[in-house]
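Student: What follows is upload-v3.cif, mmCIF, C-alpha atoms.
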```
data_run
#
loop_
_atom_site.label_atom_id
_atom_site.label_comp_id
_atom_site.auth_asym_id
_atom_site.auth_seq_id
_atom_site.Cartn_x
_atom_site.Cartn_y
_atom_site.Cartn_z
CA MET A 1 -12.51 -33.78 -165.15
CA ILE A 2 -10.91 -37.16 -164.66
CA ASP A 3 -7.46 -37.12 -163.08
CA LYS A 4 -5.01 -38.04 -165.85
CA ASP A 5 -2.90 -39.97 -163.34
CA SER A 6 -5.83 -42.14 -162.23
CA LEU A 7 -6.33 -45.82 -162.96
CA TYR A 8 -9.70 -45.01 -164.48
CA PHE A 9 -8.18 -42.53 -166.95
CA ALA A 10 -5.58 -45.14 -167.97
CA PHE A 11 -8.38 -47.66 -168.52
CA LEU A 12 -10.42 -45.19 -170.61
CA ASN A 13 -7.37 -44.32 -172.67
CA VAL A 14 -6.69 -47.99 -173.46
CA ALA A 15 -10.35 -48.48 -174.41
CA ARG A 16 -10.27 -45.44 -176.69
CA VAL A 17 -7.01 -46.41 -178.45
CA HIS A 18 -8.18 -50.03 -178.79
CA TYR A 19 -11.44 -48.89 -180.38
CA TYR A 20 -9.55 -46.64 -182.81
CA ARG A 21 -7.04 -49.35 -183.73
CA THR A 22 -9.86 -51.87 -184.24
CA HIS A 23 -11.63 -49.39 -186.52
CA ILE A 24 -8.48 -49.00 -188.63
CA LEU A 25 -7.85 -52.75 -188.98
CA LEU A 26 -11.48 -53.58 -189.80
CA SER A 27 -11.86 -50.71 -192.26
CA GLU A 28 -8.88 -52.13 -194.17
CA ILE A 29 -10.97 -55.24 -194.89
CA GLY A 30 -14.16 -53.27 -195.53
CA ILE A 31 -16.24 -53.92 -192.43
CA TYR A 32 -17.44 -51.94 -189.43
CA HIS A 33 -16.65 -52.35 -185.75
CA GLY A 34 -19.88 -54.14 -184.82
CA GLN A 35 -19.89 -56.62 -187.69
CA PRO A 36 -17.31 -59.24 -186.59
CA PRO A 37 -19.50 -60.68 -183.80
CA LEU A 38 -22.30 -61.19 -186.35
CA LEU A 39 -19.90 -62.79 -188.84
CA PHE A 40 -18.47 -65.09 -186.16
CA THR A 41 -21.96 -66.07 -184.98
CA LEU A 42 -23.05 -67.00 -188.50
CA GLU A 43 -19.80 -68.84 -189.16
CA LYS A 44 -20.50 -70.98 -186.11
CA SER A 45 -24.26 -71.38 -186.73
CA ASP A 46 -25.23 -70.48 -190.29
CA GLY A 47 -28.93 -70.10 -191.02
CA LEU A 48 -30.03 -68.43 -187.80
CA SER A 49 -33.12 -66.24 -187.72
CA GLN A 50 -32.81 -62.52 -187.10
CA ARG A 51 -34.40 -63.02 -183.68
CA GLU A 52 -31.88 -65.75 -182.77
CA ILE A 53 -28.99 -63.50 -183.81
CA ALA A 54 -30.39 -60.63 -181.77
CA ASP A 55 -30.71 -62.88 -178.71
CA ILE A 56 -27.19 -64.30 -179.07
CA LEU A 57 -25.57 -60.89 -179.56
CA LYS A 58 -27.86 -59.16 -177.05
CA ILE A 59 -28.77 -56.50 -179.63
CA THR A 60 -32.25 -55.25 -180.48
CA PRO A 61 -33.91 -56.83 -183.53
CA SER A 62 -34.14 -53.41 -185.20
CA THR A 63 -30.37 -52.91 -184.83
CA ILE A 64 -29.76 -56.39 -186.25
CA ASN A 65 -32.02 -55.55 -189.19
CA VAL A 66 -29.95 -52.45 -190.01
CA MET A 67 -26.71 -54.45 -189.74
CA LEU A 68 -28.09 -57.22 -191.94
CA LYS A 69 -29.24 -54.77 -194.63
CA ARG A 70 -25.79 -53.19 -194.78
CA MET A 71 -23.99 -56.54 -194.84
CA GLU A 72 -26.40 -57.97 -197.41
CA LYS A 73 -25.79 -54.95 -199.65
CA SER A 74 -22.04 -55.58 -199.28
CA GLY A 75 -22.49 -59.19 -200.38
CA LEU A 76 -21.42 -60.70 -197.05
CA LEU A 77 -24.68 -62.50 -196.36
CA ILE A 78 -28.04 -63.41 -197.79
CA ARG A 79 -31.44 -63.77 -196.18
CA LYS A 80 -33.77 -66.57 -197.20
CA GLN A 81 -37.30 -67.33 -196.11
CA ASP A 82 -37.59 -70.31 -193.78
CA LEU A 83 -39.08 -73.25 -195.67
CA LYS A 84 -41.37 -74.21 -192.78
CA ASP A 85 -42.38 -70.72 -191.62
CA GLN A 86 -42.48 -68.01 -194.29
CA ARG A 87 -42.61 -65.31 -191.59
CA VAL A 88 -39.06 -66.20 -190.53
CA SER A 89 -36.00 -65.05 -192.44
CA ARG A 90 -32.82 -67.17 -192.15
CA VAL A 91 -29.43 -65.51 -192.49
CA HIS A 92 -26.55 -67.20 -194.31
CA LEU A 93 -22.97 -66.16 -194.98
CA THR A 94 -21.91 -65.92 -198.60
CA SER A 95 -18.49 -67.14 -199.72
CA GLU A 96 -17.36 -63.50 -199.61
CA GLY A 97 -18.75 -63.28 -196.06
CA ARG A 98 -16.73 -66.34 -195.05
CA ASP A 99 -13.60 -64.80 -196.56
CA ILE A 100 -14.16 -61.53 -194.71
CA CYS A 101 -14.86 -63.50 -191.51
CA LYS A 102 -11.46 -65.17 -191.86
CA LYS A 103 -9.80 -61.80 -192.44
CA ALA A 104 -11.60 -60.33 -189.42
CA LYS A 105 -10.27 -63.15 -187.24
CA GLU A 106 -6.78 -62.47 -188.53
CA ALA A 107 -7.16 -58.74 -187.81
CA ILE A 108 -8.35 -59.42 -184.28
CA GLU A 109 -5.47 -61.83 -183.71
CA ALA A 110 -3.04 -59.17 -184.95
CA LEU A 111 -4.64 -56.64 -182.62
CA SER A 112 -4.30 -59.06 -179.72
CA GLU A 113 -0.60 -59.45 -180.53
CA GLU A 114 -0.22 -55.66 -180.62
CA CYS A 115 -2.03 -55.26 -177.29
CA PHE A 116 -0.02 -57.81 -175.35
CA ASN A 117 3.37 -57.43 -177.01
CA GLY A 118 6.06 -57.57 -174.32
CA PHE A 119 3.75 -59.03 -171.65
CA SER A 120 4.95 -62.14 -169.84
CA LEU A 121 2.61 -65.10 -169.53
CA GLU A 122 2.19 -64.26 -165.83
CA GLU A 123 1.30 -60.63 -166.61
CA LYS A 124 -1.26 -61.76 -169.16
CA GLU A 125 -2.87 -64.13 -166.65
CA THR A 126 -2.93 -61.44 -163.95
CA LEU A 127 -4.45 -58.90 -166.33
CA LYS A 128 -7.05 -61.42 -167.47
CA LEU A 129 -8.10 -62.10 -163.86
CA LEU A 130 -8.29 -58.39 -163.08
CA LEU A 131 -10.37 -57.63 -166.18
CA GLN A 132 -12.70 -60.53 -165.39
CA LYS A 133 -13.12 -59.13 -161.88
CA MET A 134 -13.89 -55.68 -163.33
CA GLY A 135 -16.39 -57.20 -165.75
CA ASN A 136 -18.08 -59.11 -162.94
CA ASN A 137 -18.33 -55.92 -160.86
CA LEU A 138 -20.03 -54.09 -163.72
CA LYS A 139 -22.23 -57.04 -164.61
CA GLU A 140 -23.41 -57.35 -161.01
CA LYS A 141 -24.39 -53.66 -160.91
CA SER A 142 -26.12 -53.94 -164.28
CA GLU A 143 -28.14 -56.95 -163.16
CA LYS A 144 -29.25 -55.09 -160.02
CA ASN A 145 -30.41 -52.18 -162.18
CA GLU A 146 -32.34 -54.54 -164.47
CA VAL A 147 -34.22 -55.93 -161.49
CA LYS A 148 -35.20 -52.37 -160.48
CA GLY A 149 -36.51 -51.79 -164.00
CA CYS A 150 -33.78 -49.38 -165.12
#
```
If you convert what's in this file into structure tokens, what do you get?
Tutor:
Amino acid sequence: MIDKDSLYFAFLNVARVHYYRTHILLSEIGIYHGQPPLLFTLEKSDGLSQREIADILKITPSTINVMLKRMEKSGLLIRKQDLKDQRVSRVHLTSEGRDICKKAKEAIEALSEECFNGFSLEEKETLKLLLQKMGNNLKEKSEKNEVKGC
């Protein structure tokens, strides 16, 4: 059991509530939790290949394929064969996909406002530095594990 008065429990609780709130806001616009990064990537660089998307998002190609199928079925994107290499499929946002992308950005901005409501600028900066430090700690451990083959 994790001590409910511990810093780690507080962190886990924030992560859990944030995930839940994100799910609510995104479901209101008809998308899933993992889809905004894909939408934002295509908005920035439309016409990427599935492999390029997988590399950018650091997700397996098979996971990207499942996401693309779902989003294509929803009318958010289309896949077209590359004109130079028929083996490559290029992914493009539809106008509906661009609209949903805009709404997703608005939802995330609203969530950010909810998260940091009542925080001073100094508190926000301090929290940002602390979270970056935490992220670097975890990243460093992950990179060490990758070298070991884990």
Student: Write out as a PyMOL selection string the residues lying within 9 Å of range 47-57 of chain A, counting all atoms listed in the file and excluding same-chain residues fewer than 3 positions away.
Tutor: chain A and resi 37-38+41-42+60-65+68+79-80+82+88-93
Student: Place a sphere of radius 12 Å on (-16.1, -50.1, -189.5) in the file coordinates and name every protein, DNA or RNA residue with an atom inside or on its surface, counting all atoms listed in the file; give the answer as a list in words.
Tutor: Tyr19, Tyr20, Arg21, Thr22, His23, Ile24, Leu25, Leu26, Ser27, Glu28, Ile29, Gly30, Ile31, Tyr32, His33, Gly34, Gln35, Pro36, Met67, Arg70, Met71 and Ala104 of chain A
Student: Do a neighbour search on Ser112 in chain A at 12 Å with all atoms listed in the file, toss out local chain neighbours closer than 5 positions, and write the hits as a PDB file with C-alpha atoms, in the frame of the given file.
Tutor:
```pdb
ATOM      1  CA  HIS A  18      -8.180 -50.030-178.790  1.00  0.00           C
ATOM      2  CA  ARG A  21      -7.040 -49.350-183.730  1.00  0.00           C
ATOM      3  CA  THR A  22      -9.860 -51.870-184.240  1.00  0.00           C
ATOM      4  CA  LEU A  25      -7.850 -52.750-188.980  1.00  0.00           C
ATOM      5  CA  LYS A 105     -10.270 -63.150-187.240  1.00  0.00           C
ATOM      6  CA  GLU A 106      -6.780 -62.470-188.530  1.00  0.00           C
ATOM      7  CA  ALA A 107      -7.160 -58.740-187.810  1.00  0.00           C
ATOM      8  CA  ASN A 117       3.370 -57.430-177.010  1.00  0.00           C
ATOM      9  CA  GLY A 118       6.060 -57.570-174.320  1.00  0.00           C
ATOM     10  CA  PHE A 119       3.750 -59.030-171.650  1.00  0.00           C
ATOM     11  CA  LYS A 124      -1.260 -61.760-169.160  1.00  0.00           C
TER      12      LYS A 124
END
```
Student: In Å, how far is it from CA of Glu109 in chain A to CA of Leu131 in chain A?
Tutor: 18.7 Å
Student: Can you work out the spacing between CA of Glu43 in chain A and CA of Leu138 in chain A in Å, to one decimal?
Tutor: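 One can read the CA of Glu43 in chain A to CA of Leu138 in chain A distance as 29.4 Å.
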Student: Record the distance separating CA of Cys115 in chain A and CA of Val14 in chain A, expressed in Å with one decimal.
Tutor: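 Taking CA of Cys115 in chain A as the start and CA of Val14 in chain A as the end point, the length is 9.4 Å.
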Student: Which one is closest to Ile100 in chain A: A:Val17, A:Leu77, A:Leu83, A:Ala10? Count only C-alpha atoms.
Tutor: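 The closest residue to Ile100 in chain A is A:Leu77.
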Student: Output as AutoDock Vina command-line options the centre and edge lengths (Å, one decimal) of the box along x, y and z of the file that holds every listed atom of range 89-101 of chain A after adding 5 Å on each side.
Tutor:
```
--center_x -24.8 --center_y -64.4 --center_z -195.6 --size_x 32.4 --size_y 15.7 --size_z 18.2
```
Student: Which residue, A:Ala110, A:Ser142, A:Leu7, A:Ile78, has the smallest gap to Glu96 in chain A when you use all atoms listed in the file?
Tutor: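 Of A:Ala110, A:Ser142, A:Leu7, A:Ile78, the one nearest Glu96 in chain A, counting all atoms listed in the file, is A:Ile78.
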Student: Write out as number ranges by chain each polymer residue whose atoms come within 8 Å of Gly97 in chain A, counting only C-alpha atoms; drop sequence neighbours fewer than 2 positions from it.
Tutor: A: 39, 75-77, 93-95, 99-101
Student: Output requested as a PDB file, in the coordinates of the input - range 67-88 of chain A, filled out with N, CA, C and O atoms.
Tutor:
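Final output, out-v4.pdb:
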```pdb
ATOM      1  N   MET A  67     -27.999 -53.805-189.466  1.00  0.00           N
ATOM      2  CA  MET A  67     -26.710 -54.450-189.740  1.00  0.00           C
ATOM      3  C   MET A  67     -26.840 -55.428-190.910  1.00  0.00           C
ATOM      4  O   MET A  67     -25.985 -55.465-191.799  1.00  0.00           O
ATOM      5  N   LEU A  68     -27.901 -56.222-190.891  1.00  0.00           N
ATOM      6  CA  LEU A  68     -28.090 -57.220-191.940  1.00  0.00           C
ATOM      7  C   LEU A  68     -28.272 -56.557-193.308  1.00  0.00           C
ATOM      8  O   LEU A  68     -27.719 -57.029-194.307  1.00  0.00           O
ATOM      9  N   LYS A  69     -29.043 -55.473-193.362  1.00  0.00           N
ATOM     10  CA  LYS A  69     -29.240 -54.770-194.630  1.00  0.00           C
ATOM     11  C   LYS A  69     -27.911 -54.298-195.197  1.00  0.00           C
ATOM     12  O   LYS A  69     -27.630 -54.472-196.383  1.00  0.00           O
ATOM     13  N   ARG A  70     -27.090 -53.699-194.332  1.00  0.00           N
ATOM     14  CA  ARG A  70     -25.790 -53.190-194.780  1.00  0.00           C
ATOM     15  C   ARG A  70     -24.891 -54.323-195.251  1.00  0.00           C
ATOM     16  O   ARG A  70     -24.232 -54.224-196.286  1.00  0.00           O
ATOM     17  N   MET A  71     -24.872 -55.417-194.498  1.00  0.00           N
ATOM     18  CA  MET A  71     -23.990 -56.540-194.840  1.00  0.00           C
ATOM     19  C   MET A  71     -24.498 -57.296-196.059  1.00  0.00           C
ATOM     20  O   MET A  71     -23.708 -57.814-196.847  1.00  0.00           O
ATOM     21  N   GLU A  72     -25.814 -57.335-196.223  1.00  0.00           N
ATOM     22  CA  GLU A  72     -26.400 -57.970-197.410  1.00  0.00           C
ATOM     23  C   GLU A  72     -26.039 -57.157-198.654  1.00  0.00           C
ATOM     24  O   GLU A  72     -25.659 -57.711-199.689  1.00  0.00           O
ATOM     25  N   LYS A  73     -26.132 -55.840-198.539  1.00  0.00           N
ATOM     26  CA  LYS A  73     -25.790 -54.950-199.650  1.00  0.00           C
ATOM     27  C   LYS A  73     -24.318 -55.098-200.032  1.00  0.00           C
ATOM     28  O   LYS A  73     -23.960 -54.981-201.203  1.00  0.00           O
ATOM     29  N   SER A  74     -23.473 -55.395-199.031  1.00  0.00           N
ATOM     30  CA  SER A  74     -22.040 -55.580-199.280  1.00  0.00           C
ATOM     31  C   SER A  74     -21.704 -56.973-199.798  1.00  0.00           C
ATOM     32  O   SER A  74     -20.546 -57.269-200.086  1.00  0.00           O
ATOM     33  N   GLY A  75     -22.709 -57.843-199.861  1.00  0.00           N
ATOM     34  CA  GLY A  75     -22.490 -59.190-200.380  1.00  0.00           C
ATOM     35  C   GLY A  75     -21.914 -60.169-199.382  1.00  0.00           C
ATOM     36  O   GLY A  75     -21.431 -61.235-199.762  1.00  0.00           O
ATOM     37  N   LEU A  76     -21.986 -59.830-198.085  1.00  0.00           N
ATOM     38  CA  LEU A  76     -21.420 -60.700-197.050  1.00  0.00           C
ATOM     39  C   LEU A  76     -22.394 -61.779-196.597  1.00  0.00           C
ATOM     40  O   LEU A  76     -21.968 -62.815-196.081  1.00  0.00           O
ATOM     41  N   LEU A  77     -23.673 -61.529-196.781  1.00  0.00           N
ATOM     42  CA  LEU A  77     -24.680 -62.500-196.360  1.00  0.00           C
ATOM     43  C   LEU A  77     -25.914 -62.395-197.224  1.00  0.00           C
ATOM     44  O   LEU A  77     -26.082 -61.439-197.975  1.00  0.00           O
ATOM     45  N   ILE A  78     -26.742 -63.410-197.111  1.00  0.00           N
ATOM     46  CA  ILE A  78     -28.040 -63.410-197.790  1.00  0.00           C
ATOM     47  C   ILE A  78     -29.101 -63.833-196.783  1.00  0.00           C
ATOM     48  O   ILE A  78     -28.809 -64.546-195.817  1.00  0.00           O
ATOM     49  N   ARG A  79     -30.306 -63.357-197.007  1.00  0.00           N
ATOM     50  CA  ARG A  79     -31.440 -63.770-196.180  1.00  0.00           C
ATOM     51  C   ARG A  79     -32.384 -64.584-197.047  1.00  0.00           C
ATOM     52  O   ARG A  79     -32.682 -64.203-198.173  1.00  0.00           O
ATOM     53  N   LYS A  80     -32.826 -65.699-196.486  1.00  0.00           N
ATOM     54  CA  LYS A  80     -33.770 -66.570-197.200  1.00  0.00           C
ATOM     55  C   LYS A  80     -34.943 -66.865-196.275  1.00  0.00           C
ATOM     56  O   LYS A  80     -34.774 -67.015-195.064  1.00  0.00           O
ATOM     57  N   GLN A  81     -36.111 -66.972-196.876  1.00  0.00           N
ATOM     58  CA  GLN A  81     -37.300 -67.330-196.110  1.00  0.00           C
ATOM     59  C   GLN A  81     -37.164 -68.765-195.594  1.00  0.00           C
ATOM     60  O   GLN A  81     -36.685 -69.642-196.305  1.00  0.00           O
ATOM     61  N   ASP A  82     -37.582 -68.968-194.357  1.00  0.00           N
ATOM     62  CA  ASP A  82     -37.590 -70.310-193.780  1.00  0.00           C
ATOM     63  C   ASP A  82     -38.589 -71.163-194.553  1.00  0.00           C
ATOM     64  O   ASP A  82     -39.695 -70.712-194.864  1.00  0.00           O
ATOM     65  N   LEU A  83     -38.203 -72.373-194.883  1.00  0.00           N
ATOM     66  CA  LEU A  83     -39.080 -73.250-195.670  1.00  0.00           C
ATOM     67  C   LEU A  83     -40.333 -73.656-194.906  1.00  0.00           C
ATOM     68  O   LEU A  83     -41.391 -73.852-195.505  1.00  0.00           O
ATOM     69  N   LYS A  84     -40.228 -73.772-193.585  1.00  0.00           N
ATOM     70  CA  LYS A  84     -41.370 -74.210-192.780  1.00  0.00           C
ATOM     71  C   LYS A  84     -42.249 -73.050-192.308  1.00  0.00           C
ATOM     72  O   LYS A  84     -43.436 -73.225-192.099  1.00  0.00           O
ATOM     73  N   ASP A  85     -41.638 -71.884-192.109  1.00  0.00           N
ATOM     74  CA  ASP A  85     -42.380 -70.720-191.620  1.00  0.00           C
ATOM     75  C   ASP A  85     -41.960 -69.500-192.429  1.00  0.00           C
ATOM     76  O   ASP A  85     -40.902 -68.919-192.192  1.00  0.00           O
ATOM     77  N   GLN A  86     -42.803 -69.101-193.367  1.00  0.00           N
ATOM     78  CA  GLN A  86     -42.480 -68.010-194.290  1.00  0.00           C
ATOM     79  C   GLN A  86     -42.316 -66.657-193.581  1.00  0.00           C
ATOM     80  O   GLN A  86     -41.786 -65.715-194.163  1.00  0.00           O
ATOM     81  N   ARG A  87     -42.768 -66.569-192.338  1.00  0.00           N
ATOM     82  CA  ARG A  87     -42.610 -65.310-191.590  1.00  0.00           C
ATOM     83  C   ARG A  87     -41.189 -65.135-191.087  1.00  0.00           C
ATOM     84  O   ARG A  87     -40.794 -64.038-190.703  1.00  0.00           O
ATOM     85  N   VAL A  88     -40.421 -66.220-191.072  1.00  0.00           N
ATOM     86  CA  VAL A  88     -39.060 -66.200-190.530  1.00  0.00           C
ATOM     87  C   VAL A  88     -38.046 -66.106-191.658  1.00  0.00           C
ATOM     88  O   VAL A  88     -38.139 -66.809-192.650  1.00  0.00           O
TER      89      VAL A  88
END
```
